[in-house]
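Text of structure_36.cif, listed as mmCIF, C-alpha atoms and all ligand atoms:
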```cif
data_start
loop_
_atom_site.label_atom_id
_atom_site.label_comp_id
_atom_site.auth_asym_id
_atom_site.auth_seq_id
_atom_site.Cartn_x
_atom_site.Cartn_y
_atom_site.Cartn_z
CA MET A 1 87.24 90.60 119.91
CA LYS A 2 87.75 90.46 116.13
CA LYS A 3 89.19 87.31 114.59
CA ILE A 4 91.46 87.89 111.60
CA ALA A 5 92.81 85.73 108.76
CA LEU A 6 95.91 87.14 107.05
CA LEU A 7 96.82 85.96 103.55
CA GLY A 8 100.40 86.59 102.47
CA ALA A 9 101.67 86.68 106.06
CA THR A 10 105.37 86.20 105.29
CA GLY A 11 105.77 89.21 102.94
CA SER A 12 106.77 92.75 103.90
CA ILE A 13 103.16 93.94 104.38
CA GLY A 14 102.12 90.71 106.10
CA LEU A 15 104.82 91.04 108.75
CA LYS A 16 103.84 94.66 109.44
CA VAL A 17 100.18 93.61 109.76
CA ILE A 18 101.14 90.99 112.36
CA ALA A 19 103.14 93.58 114.35
CA GLU A 20 100.14 95.94 114.39
CA ILE A 21 97.62 93.24 115.30
CA ASN A 22 99.84 92.16 118.21
CA LYS A 23 99.63 95.67 119.71
CA GLN A 24 95.83 95.42 119.97
CA SER A 25 94.31 93.12 122.56
CA HIS A 26 90.90 93.15 120.82
CA LEU A 27 92.36 91.78 117.56
CA GLN A 28 93.23 88.11 117.28
CA LEU A 29 95.11 86.53 114.39
CA VAL A 30 93.51 83.12 113.89
CA ALA A 31 94.84 82.10 110.45
CA ILE A 32 97.76 82.92 108.17
CA SER A 33 98.84 81.84 104.71
CA ALA A 34 101.98 82.00 102.59
CA HIS A 35 102.65 80.98 99.02
CA GLN A 36 105.43 78.45 99.50
CA ASN A 37 107.76 79.66 102.24
CA ILE A 38 106.86 76.82 104.58
CA LYS A 39 109.58 77.53 107.12
CA ALA A 40 108.68 81.21 107.56
CA LEU A 41 104.98 80.31 107.73
CA LEU A 42 105.36 77.64 110.41
CA ASP A 43 107.75 79.87 112.39
CA LEU A 44 105.13 82.64 112.46
CA LYS A 45 102.45 80.14 113.42
CA GLN A 46 104.50 78.93 116.36
CA VAL A 47 105.92 82.27 117.55
CA HIS A 48 102.53 84.04 117.48
CA ASN A 49 100.52 81.02 118.55
CA ILE A 50 98.25 81.12 115.48
CA LYS A 51 95.87 78.22 115.15
CA TYR A 52 95.70 77.72 111.37
CA ALA A 53 98.24 78.09 108.59
CA ALA A 54 97.91 77.45 104.84
CA LEU A 55 100.15 77.23 101.80
CA SER A 56 98.67 78.47 98.52
CA SER A 57 101.25 77.09 96.07
CA PRO A 58 99.91 74.14 94.05
CA THR A 59 103.17 72.32 94.82
CA PHE A 60 101.61 71.58 98.24
CA LYS A 61 98.80 69.20 97.34
CA HIS A 62 97.42 67.97 100.66
CA SER A 63 96.78 69.31 104.15
CA THR A 64 98.86 67.96 107.05
CA ASN A 65 98.68 68.38 110.84
CA GLU A 66 100.72 71.55 110.49
CA TYR A 67 99.17 73.30 107.51
CA ILE A 68 96.23 73.45 105.10
CA ALA A 69 97.01 72.98 101.38
CA GLY A 70 95.38 71.87 98.15
CA GLU A 71 93.25 73.41 95.44
CA LYS A 72 90.71 75.15 97.70
CA TRP A 73 93.03 75.88 100.63
CA TYR A 74 91.28 79.22 101.30
CA THR A 75 87.86 77.61 101.73
CA GLN A 76 89.28 75.24 104.31
CA LEU A 77 91.20 78.07 106.00
CA TYR A 78 88.06 80.23 106.32
CA GLU A 79 85.90 77.36 107.49
CA SER A 80 88.36 76.15 110.14
CA SER A 81 89.22 79.56 111.57
CA SER A 82 85.93 81.48 110.99
CA PRO A 83 87.52 84.94 110.84
CA ASP A 84 85.48 88.17 111.03
CA TRP A 85 87.98 89.92 108.78
CA VAL A 86 90.25 88.75 105.98
CA ILE A 87 93.37 90.77 105.19
CA ILE A 88 94.98 90.18 101.80
CA ALA A 89 98.66 91.10 101.92
CA SER A 90 99.87 88.84 99.12
CA SER A 91 100.54 90.29 95.68
CA GLY A 92 99.32 89.10 92.29
CA PHE A 93 96.06 88.10 90.59
CA ASP A 94 95.99 84.81 92.53
CA ALA A 95 94.46 86.66 95.49
CA LEU A 96 91.25 87.32 93.51
CA ILE A 97 89.47 84.04 94.26
CA PRO A 98 90.38 83.98 97.99
CA ALA A 99 89.17 87.61 98.21
CA TYR A 100 85.96 86.74 96.36
CA GLU A 101 85.30 83.74 98.62
CA ALA A 102 85.92 85.83 101.74
CA LEU A 103 83.33 88.40 100.65
CA LYS A 104 80.88 85.65 99.69
CA ARG A 105 81.13 84.41 103.27
CA GLY A 106 80.28 87.91 104.56
CA LYS A 107 83.80 88.70 105.84
CA ARG A 108 85.12 92.26 105.98
CA LEU A 109 87.93 92.57 103.43
CA LEU A 110 91.06 94.62 104.15
CA MET A 111 92.96 94.82 100.91
CA ALA A 112 96.67 95.43 100.36
CA ASN A 113 96.64 93.56 97.03
CA LYS A 114 96.06 95.71 93.97
CA GLU A 115 96.22 93.12 91.18
CA ALA A 116 93.00 91.40 92.32
CA LEU A 117 91.17 94.74 92.62
CA VAL A 118 92.39 95.85 89.20
CA SER A 119 91.38 92.56 87.56
CA GLY A 120 88.16 91.78 89.40
CA GLY A 121 87.27 94.96 91.27
CA ASP A 122 83.73 95.08 89.88
CA LEU A 123 82.90 91.61 91.22
CA LEU A 124 84.53 92.29 94.60
CA LEU A 125 82.79 95.65 95.08
CA GLU A 126 79.43 94.17 94.17
CA LEU A 127 79.83 91.52 96.88
CA ALA A 128 81.07 94.04 99.44
CA ALA A 129 78.07 96.27 98.71
CA ALA A 130 75.75 93.30 99.25
CA ASN A 131 77.46 92.78 102.64
CA ASN A 132 76.99 96.49 103.39
CA GLU A 133 80.71 96.85 104.12
CA PRO A 134 83.38 98.87 102.33
CA ILE A 135 86.51 97.14 101.06
CA ILE A 136 89.14 98.78 103.26
CA PRO A 137 92.22 99.71 101.24
CA ILE A 138 95.70 99.28 102.69
CA ASP A 139 97.53 100.70 99.65
CA SER A 140 98.83 104.04 101.02
CA GLU A 141 97.27 106.23 98.29
CA HIS A 142 93.87 104.56 98.55
CA SER A 143 93.95 104.62 102.32
CA ALA A 144 94.60 108.38 101.99
CA ILE A 145 91.61 108.88 99.68
CA PHE A 146 89.43 106.59 101.78
CA GLN A 147 90.32 108.68 104.86
CA CYS A 148 89.67 111.98 103.03
CA LEU A 149 86.23 110.71 101.94
CA GLN A 150 85.01 109.82 105.42
CA GLY A 151 81.89 111.87 106.12
CA GLU A 152 81.78 113.17 102.55
CA ASN A 153 79.19 112.67 99.85
CA PRO A 154 80.94 110.87 96.92
CA ALA A 155 78.98 113.12 94.53
CA HIS A 156 80.98 116.09 95.88
CA VAL A 157 84.31 114.73 94.63
CA ARG A 158 85.60 116.61 91.61
CA LYS A 159 88.92 114.89 91.30
CA ILE A 160 91.61 112.94 93.10
CA TYR A 161 95.39 113.32 92.86
CA LEU A 162 97.42 110.15 93.26
CA THR A 163 100.92 111.01 94.41
CA ALA A 164 103.95 109.14 93.11
CA SER A 165 107.50 109.36 94.38
CA GLY A 166 108.63 109.13 90.74
CA GLY A 167 110.63 105.97 91.32
CA PRO A 168 114.39 105.65 91.06
CA PHE A 169 114.66 106.57 87.36
CA ARG A 170 112.77 109.87 87.12
CA GLY A 171 114.16 112.13 84.41
CA MET A 172 116.06 109.37 82.58
CA SER A 173 115.56 109.03 78.82
CA ALA A 174 114.16 105.80 77.34
CA ASN A 175 117.64 105.04 76.04
CA GLU A 176 119.23 105.44 79.46
CA LYS A 177 116.54 103.19 80.91
CA LEU A 178 117.27 100.38 78.47
CA ASN A 179 120.06 98.78 80.51
CA ILE A 180 118.56 99.14 83.97
CA SER A 181 119.32 95.96 85.93
CA VAL A 182 116.94 94.02 88.15
CA GLN A 183 119.03 95.09 91.17
CA GLN A 184 118.65 98.79 90.25
CA ALA A 185 114.91 98.42 89.60
CA ILE A 186 114.15 96.87 92.98
CA GLN A 187 115.88 99.67 94.94
CA HIS A 188 113.00 102.04 95.63
CA PRO A 189 114.13 105.44 97.00
CA VAL A 190 111.47 105.69 99.73
CA TRP A 191 109.52 102.48 100.29
CA LYS A 192 111.09 99.13 101.05
CA MET A 193 108.86 96.66 99.22
CA GLY A 194 108.76 93.32 97.41
CA ALA A 195 110.39 92.90 93.97
CA LYS A 196 107.16 92.99 91.90
CA ILE A 197 105.84 96.25 93.34
CA SER A 198 109.29 97.88 93.29
CA ILE A 199 109.62 97.17 89.57
CA ASP A 200 106.05 98.37 88.99
CA SER A 201 106.98 101.59 90.78
CA ALA A 202 110.05 102.02 88.56
CA THR A 203 108.00 101.61 85.34
CA MET A 204 105.11 103.62 86.90
CA MET A 205 102.77 100.70 86.12
CA ASN A 206 102.19 100.76 89.87
CA LYS A 207 100.53 104.19 89.55
CA GLY A 208 98.53 102.91 86.57
CA LEU A 209 97.28 99.95 88.58
CA GLU A 210 96.49 102.38 91.41
CA ALA A 211 94.48 104.58 89.05
CA ILE A 212 92.38 101.56 88.07
CA GLU A 213 92.13 100.58 91.73
CA ALA A 214 90.81 104.09 92.57
CA HIS A 215 88.43 103.96 89.61
CA LYS A 216 86.96 100.72 91.00
CA LEU A 217 87.05 101.47 94.74
CA PHE A 218 85.69 105.02 94.58
CA GLY A 219 83.63 104.90 91.37
CA LEU A 220 85.70 107.64 89.68
CA GLU A 221 85.94 108.28 85.95
CA ALA A 222 89.29 108.55 84.16
CA HIS A 223 89.07 112.37 83.91
CA GLN A 224 88.68 112.55 87.70
CA ILE A 225 92.02 110.85 88.36
CA ASP A 226 95.19 112.92 88.18
CA PHE A 227 98.81 112.39 89.26
CA LEU A 228 101.47 114.37 91.10
CA ILE A 229 105.14 113.57 91.54
CA HIS A 230 106.02 114.00 95.20
CA PRO A 231 109.45 112.53 95.94
CA GLN A 232 109.21 112.71 99.76
CA ALA A 233 106.09 110.45 99.82
CA ILE A 234 104.63 112.29 102.83
CA MET A 235 101.36 113.35 101.21
CA HIS A 236 99.79 110.07 100.19
CA SER A 237 97.03 111.44 97.97
CA MET A 238 94.54 114.28 97.80
CA VAL A 239 90.87 114.83 97.00
CA GLU A 240 89.51 117.99 95.33
CA PHE A 241 85.86 118.68 96.10
CA THR A 242 83.25 120.48 94.01
CA ASP A 243 83.44 123.64 96.14
CA GLY A 244 87.16 124.08 95.54
CA SER A 245 88.25 122.56 98.86
CA TYR A 246 91.09 120.05 98.96
CA LYS A 247 91.73 117.37 101.57
CA ALA A 248 94.95 115.41 101.71
CA GLN A 249 96.25 112.77 104.08
CA MET A 250 99.86 112.93 105.20
CA SER A 251 102.14 110.79 107.33
CA THR A 252 105.70 109.51 107.41
CA PRO A 253 106.12 106.99 104.59
CA ASP A 254 105.53 103.85 106.63
CA MET A 255 103.00 101.19 105.61
CA ALA A 256 102.27 100.65 109.32
CA ILE A 257 100.10 103.79 109.16
CA PRO A 258 97.60 102.68 106.46
CA ILE A 259 97.63 99.21 108.07
CA ARG A 260 96.76 100.77 111.43
CA TYR A 261 93.91 102.78 109.89
CA ALA A 262 92.48 99.70 108.19
CA LEU A 263 92.58 97.82 111.50
CA SER A 264 91.03 100.66 113.51
CA TYR A 265 88.49 101.95 110.95
CA PRO A 266 86.30 103.90 111.61
CA GLU A 267 88.19 104.64 114.85
CA ARG A 268 91.90 105.46 115.25
CA PHE A 269 94.55 103.84 117.44
CA ILE A 270 97.11 105.74 119.50
CA SER A 271 100.66 105.57 118.19
CA GLN A 272 103.90 107.53 118.69
CA THR A 273 105.35 108.94 115.48
CA ASN A 274 108.00 111.51 114.52
CA PRO A 275 106.91 114.99 113.38
CA LEU A 276 106.61 115.51 109.61
CA LEU A 277 109.26 117.58 107.82
CA LEU A 278 106.69 119.70 105.98
CA SER A 279 109.15 122.37 104.79
CA GLU A 280 110.81 119.78 102.55
CA LEU A 281 107.70 118.82 100.59
CA ARG A 282 107.93 119.24 96.83
CA PHE A 283 105.45 118.55 94.04
CA TYR A 284 106.04 118.26 90.30
CA PRO A 285 103.79 117.50 87.35
CA LEU A 286 104.03 113.94 86.09
CA ASN A 287 105.33 113.68 82.54
CA MET A 288 103.22 110.96 80.92
CA ASP A 289 105.71 110.57 78.03
CA GLU A 290 108.32 109.32 80.49
CA TYR A 291 106.15 106.41 81.59
CA PRO A 292 104.54 104.42 78.75
CA ALA A 293 103.29 101.80 81.24
CA LEU A 294 101.06 104.40 82.91
CA GLY A 295 99.50 105.33 79.56
CA LEU A 296 98.76 101.67 78.90
CA ALA A 297 97.01 101.31 82.25
CA LEU A 298 94.85 104.35 81.48
CA ARG A 299 94.01 102.84 78.08
CA ALA A 300 92.93 99.57 79.76
CA MET A 301 90.84 101.52 82.28
CA ALA A 302 89.05 103.33 79.42
CA MET A 303 88.40 100.03 77.62
CA GLY A 304 86.85 98.49 80.77
CA GLY A 305 85.55 94.91 80.79
CA ASN A 306 88.40 92.43 81.10
CA ALA A 307 91.01 94.88 79.72
CA PRO A 308 92.46 95.77 83.17
CA CYS A 309 92.71 92.03 83.87
CA ALA A 310 94.64 91.48 80.61
CA LEU A 311 96.87 94.49 81.33
CA ASN A 312 97.67 93.21 84.80
CA ALA A 313 98.38 89.67 83.59
CA ALA A 314 100.66 90.90 80.80
CA ASN A 315 102.49 93.07 83.30
CA GLU A 316 102.86 90.20 85.82
CA ALA A 317 104.33 88.00 83.07
CA ALA A 318 106.60 90.72 81.66
CA VAL A 319 107.90 91.72 85.12
CA ASP A 320 108.61 88.06 85.82
CA ALA A 321 110.52 87.79 82.52
CA PHE A 322 112.50 90.92 83.46
CA ILE A 323 113.34 89.48 86.90
CA HIS A 324 114.58 86.34 85.14
CA GLN A 325 116.61 88.53 82.75
CA LYS A 326 114.74 87.36 79.65
CA ILE A 327 113.77 90.92 78.64
CA LYS A 328 115.07 94.43 79.25
CA PHE A 329 113.48 96.97 81.58
CA THR A 330 111.94 99.16 78.85
CA HIS A 331 110.48 96.11 77.10
CA ILE A 332 108.05 95.45 79.97
CA ALA A 333 105.72 98.15 78.58
CA ASP A 334 106.24 96.96 74.97
CA TRP A 335 104.96 93.49 75.83
CA VAL A 336 102.03 94.83 77.84
CA SER A 337 101.11 96.96 74.82
CA GLU A 338 101.17 93.90 72.53
CA ALA A 339 98.89 92.00 74.88
CA LEU A 340 96.43 94.91 75.02
CA ASN A 341 96.25 94.90 71.23
CA ASP A 342 95.61 91.17 71.01
CA PHE A 343 93.54 89.90 73.95
CA LYS A 344 89.95 88.73 73.57
CA TYR A 345 87.68 91.47 74.93
CA ILE A 346 84.80 90.57 77.26
CA GLU A 347 82.51 93.41 78.30
CA LYS A 348 81.07 91.97 81.53
CA PRO A 349 83.48 89.29 82.69
CA GLY A 350 82.51 86.83 85.42
CA LEU A 351 85.05 85.15 87.69
CA GLU A 352 85.72 82.36 85.18
CA ASP A 353 86.22 84.86 82.34
CA LEU A 354 88.79 86.68 84.46
CA VAL A 355 90.68 83.49 85.29
CA TYR A 356 90.63 82.66 81.55
CA THR A 357 91.83 86.15 80.55
CA HIS A 358 94.61 86.03 83.14
CA THR A 359 95.83 82.55 82.21
CA GLU A 360 95.63 83.13 78.46
CA THR A 361 97.42 86.48 78.63
CA ILE A 362 100.26 85.00 80.72
CA ARG A 363 100.57 82.16 78.21
CA TYR A 364 100.54 84.64 75.29
CA ILE A 365 103.31 86.78 76.81
CA ASN A 366 105.47 83.82 77.82
CA ASN A 367 105.18 82.26 74.35
CA LYS A 368 106.03 85.52 72.60
CA ILE A 369 108.97 86.30 74.86
CA ASN A 370 110.39 82.80 74.50
CA LYS A 371 110.12 83.00 70.70
CA HIS A 372 111.57 86.48 70.55
CA HIS A 373 115.22 85.71 71.29
CA GLY A 374 116.32 89.07 69.93
CA TYR A 375 114.90 90.70 73.05
CA SER A 376 117.03 88.77 75.51
CA ASN A 377 120.30 90.51 76.37
MG MG B 401 100.63 102.58 96.67
#
```

Would you put the structure from the file into structure tokens?
Ligand code: MG
Amino acid sequence: MKKIALLGATGSIGLKVIAEINKQSHLQLVAISAHQNIKALLDLKQVHNIKYAALSSPTFKHSTNEYIAGEKWYTQLYESSSPDWVIIASSGFDALIPAYEALKRGKRLLMANKEALVSGGDLLLELAAANNEPIIPIDSEHSAIFQCLQGENPAHVRKIYLTASGGPFRGMSANEKLNISVQQAIQHPVWKMGAKISIDSATMMNKGLEAIEAHKLFGLEAHQIDFLIHPQAIMHSMVEFTDGSYKAQMSTPDMAIPIRYALSYPERFISQTNPLLLSELRFYPLNMDEYPALGLALRAMAMGGNAPCALNAANEAAVDAFIHQKIKFTHIADWVSEALNDFKYIEKPGLEDLVYTHTETIRYINNKINKHHGYSN
């Protein structure tokens, strides 16, 4: 029996994780958390008979009989429920400290959050290595690469190819993209996801964050990470080995599949799925000029240190401003670029440096956007 704590239980990934855990009698969900959706959290707790629930939003200051809350809610959640595994299904940088604390307590980490890996991947991987456990990725591309690398020597990897569906605006000019609405940006053609990741997919920042994620998780250099547009999202990524062999992982585009692999690793569960429509697969080169956000992510990856953390924070703040209709779609990348020019570089950031970089960059972007009225509508 494995006991599991699930952070971000009420989101789209969290709900799929619960469905998969419930199919396996040897997996037991002992703790869940949500940011502030108290009703959804307590409903899940009751329906699935889960012992502990927590709210991470600072608006909930104290624990009650029904839920854990307060500044170090995650510490209390881990200590009360003593999980073997912690699954992070929430999005955003705020998952970094709960992920860090889980690893420090020797838990296996199953990671669907990319912002924490991008910002603090070095710290997380160091802890995981000390625990002698991999961080198990739930992001579909990284699950694909992780699966392709099983039984392989990492030194035999020449290159990886991250696939991207291209998002809803592929082929549009920068001018045409200028007036994209929030509604249009959150309609992803293949994956049904939360607002933040849907917008990141539309700007292609999502693929940039994924490149940094792959760089951290698999120890790859920038020149070993390439991209392919693949609108059907059946092939989730591919590894090229030094002998000229390629391995790719394919499945229907359903996050249940990488979730299932993370829960069964290194084994596999049995599950009924529809056959793949392989004759429809298409691949196209990715045009970097179309996606300035991706170029910025690659620049932050090359800079190293706390640059990916600053990039991610600037993007979180700019996406939030776009959702609140303070800036236009194409300005997301402009603001991220400004932040990358201005942030205070730290070569080997510790946890506190990362929290500082994140907070300061968010403040910087919010101040600039609020002052810059010309950019709103
Ligand atoms: Mg992905």

In Å and to one decimal, CA of Gln150 in chain A is distant from CA of Phe218 in chain A by 11.9 Å

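Between CA of Leu110 in chain A and CA of Leu340 in chain A there is a distance of 29.6 Å.
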
Nearest residue to Ala313 in chain A from the set A:Glu352, A:Glu210, A:Asp254, A:Glu360 (distances using only C-alpha atoms):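 Result for the nearest residue to Ala313 in chain A: A:Glu360.
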
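Shown here are all protein and nucleic acid residues lying within 10 Å of (91.3, 116.2, 83.8), with only C-alpha atoms considered: Arg158, Lys159, Ile160, Glu221, Ala222, His223, Gln224, Ile225 and Asp226 of chain A.
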
Keeping only C-alpha atoms, write those residues as a PDB file, in the frame of the given file.
```
ATOM      1  CA  ARG A 158      85.600 116.610  91.610  1.00  0.00           C
ATOM      2  CA  LYS A 159      88.920 114.890  91.300  1.00  0.00           C
ATOM      3  CA  ILE A 160      91.610 112.940  93.100  1.00  0.00           C
ATOM      4  CA  GLU A 221      85.940 108.280  85.950  1.00  0.00           C
ATOM      5  CA  ALA A 222      89.290 108.550  84.160  1.00  0.00           C
ATOM      6  CA  HIS A 223      89.070 112.370  83.910  1.00  0.00           C
ATOM      7  CA  GLN A 224      88.680 112.550  87.700  1.00  0.00           C
ATOM      8  CA  ILE A 225      92.020 110.850  88.360  1.00  0.00           C
ATOM      9  CA  ASP A 226      95.190 112.920  88.180  1.00  0.00           C
TER      10      ASP A 226
END
```

Taking all atoms listed in the file into account, which of A:Ala89, A:Ile270, A:Asn370, A:Leu296 comes nearest Ile18 in chain A?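 Smallest separation from Ile18 in chain A among the options: A:Ala89.
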
All residues within 8 Å of ligand MG 401 (chain B) are required, counting only C-alpha atoms and all ligand atoms; please report them as a list of chain:residue names.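 Protein and nucleic-acid residues within 8 Å of ligand MG 401 (chain B): A:Asp139, A:Ser140, A:Glu141, A:His142, A:Asn206, A:Lys207, A:Glu210.
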
I need the residues from that last selection saved to file as a PDB file, in the frame of the given file (with C-alpha atoms), if you can.
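The resulting file, part.pdb, is reproduced below:
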```
ATOM      1  CA  ASP A 139      97.530 100.700  99.650  1.00  0.00           C
ATOM      2  CA  SER A 140      98.830 104.040 101.020  1.00  0.00           C
ATOM      3  CA  GLU A 141      97.270 106.230  98.290  1.00  0.00           C
ATOM      4  CA  HIS A 142      93.870 104.560  98.550  1.00  0.00           C
ATOM      5  CA  ASN A 206     102.190 100.760  89.870  1.00  0.00           C
ATOM      6  CA  LYS A 207     100.530 104.190  89.550  1.00  0.00           C
ATOM      7  CA  GLU A 210      96.490 102.380  91.410  1.00  0.00           C
TER       8      GLU A 210
END
```

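In this comparison, which uses all atoms listed in the file, the residue of A:Gly121, A:Asp334, A:Ser251, A:Leu228 approaching Pro349 in chain A most closely is A:Gly121.
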
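Minimum atom-to-atom distances from A:Ala116, A:Met235, A:Met255, A:Ile135 to Glu316 in chain A were compared using only C-alpha atoms, and the lowest value belongs to A:Ala116.
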
CA of Leu15 in chain A to CA of Ile97 in chain A, straight-line distance in Å: 22.2 Å

Could you check which of A:Arg363, A:Lys45, A:Lys104, A:Lys3 is closest to Pro83 in chain A, using all atoms listed in the file? A:Lys3

Which residues are near Ile180 in chain A? Cut-off 9 Å, only C-alpha atoms, ignore same chain within fewer than 3 positions. Put them as a list of chain:residue names. A:Glu176, A:Lys177, A:Gln183, A:Gln184, A:Ala185, A:Lys328, A:Phe329, A:Thr330

List as a CSV table (one decimal) with C-alpha atoms, in the coordinates of the input the protein and nucleic acid residues near Ser12 in chain A, meaning an atom at most 9 Å away when all atoms listed in the file are counted, but skip any in the same chain fewer than 6 places from it.
```csv
chain,number,residue,atom,x,y,z
A,89,ALA,CA,98.7,91.1,101.9
A,192,LYS,CA,111.1,99.1,101.0
A,193,MET,CA,108.9,96.7,99.2
A,194,GLY,CA,108.8,93.3,97.4
```

Near-Gln76 in chain A list (12 Å; only C-alpha atoms; drop same-chain fewer than 2 positions) as number ranges by chain: A: 5, 31, 33, 52-56, 62-63, 67-74, 78-83, 98, 101-102

So that I have them on file, write out the residues from the current selection with C-alpha atoms, as a compact mmCIF listing (two decimals), in the frame of the given file.
```txt
# COMPACT_ATOMS: atom_id res chain seq x y z
CA ALA A 5 92.81 85.73 108.76
CA ALA A 31 94.84 82.10 110.45
CA SER A 33 98.84 81.84 104.71
CA TYR A 52 95.70 77.72 111.37
CA ALA A 53 98.24 78.09 108.59
CA ALA A 54 97.91 77.45 104.84
CA LEU A 55 100.15 77.23 101.80
CA SER A 56 98.67 78.47 98.52
CA HIS A 62 97.42 67.97 100.66
CA SER A 63 96.78 69.31 104.15
CA TYR A 67 99.17 73.30 107.51
CA ILE A 68 96.23 73.45 105.10
CA ALA A 69 97.01 72.98 101.38
CA GLY A 70 95.38 71.87 98.15
CA GLU A 71 93.25 73.41 95.44
CA LYS A 72 90.71 75.15 97.70
CA TRP A 73 93.03 75.88 100.63
CA TYR A 74 91.28 79.22 101.30
CA TYR A 78 88.06 80.23 106.32
CA GLU A 79 85.90 77.36 107.49
CA SER A 80 88.36 76.15 110.14
CA SER A 81 89.22 79.56 111.57
CA SER A 82 85.93 81.48 110.99
CA PRO A 83 87.52 84.94 110.84
CA PRO A 98 90.38 83.98 97.99
CA GLU A 101 85.30 83.74 98.62
CA ALA A 102 85.92 85.83 101.74
```

Name the closest residue to Ala302 in chain A among the candidates A:Ser237, A:Ile212, A:Ala339, A:Asp353; distances are taken between atoms, counting only C-alpha atoms.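 Ranking A:Ser237, A:Ile212, A:Ala339, A:Asp353 by distance to Ala302 in chain A, first place goes to A:Ile212.
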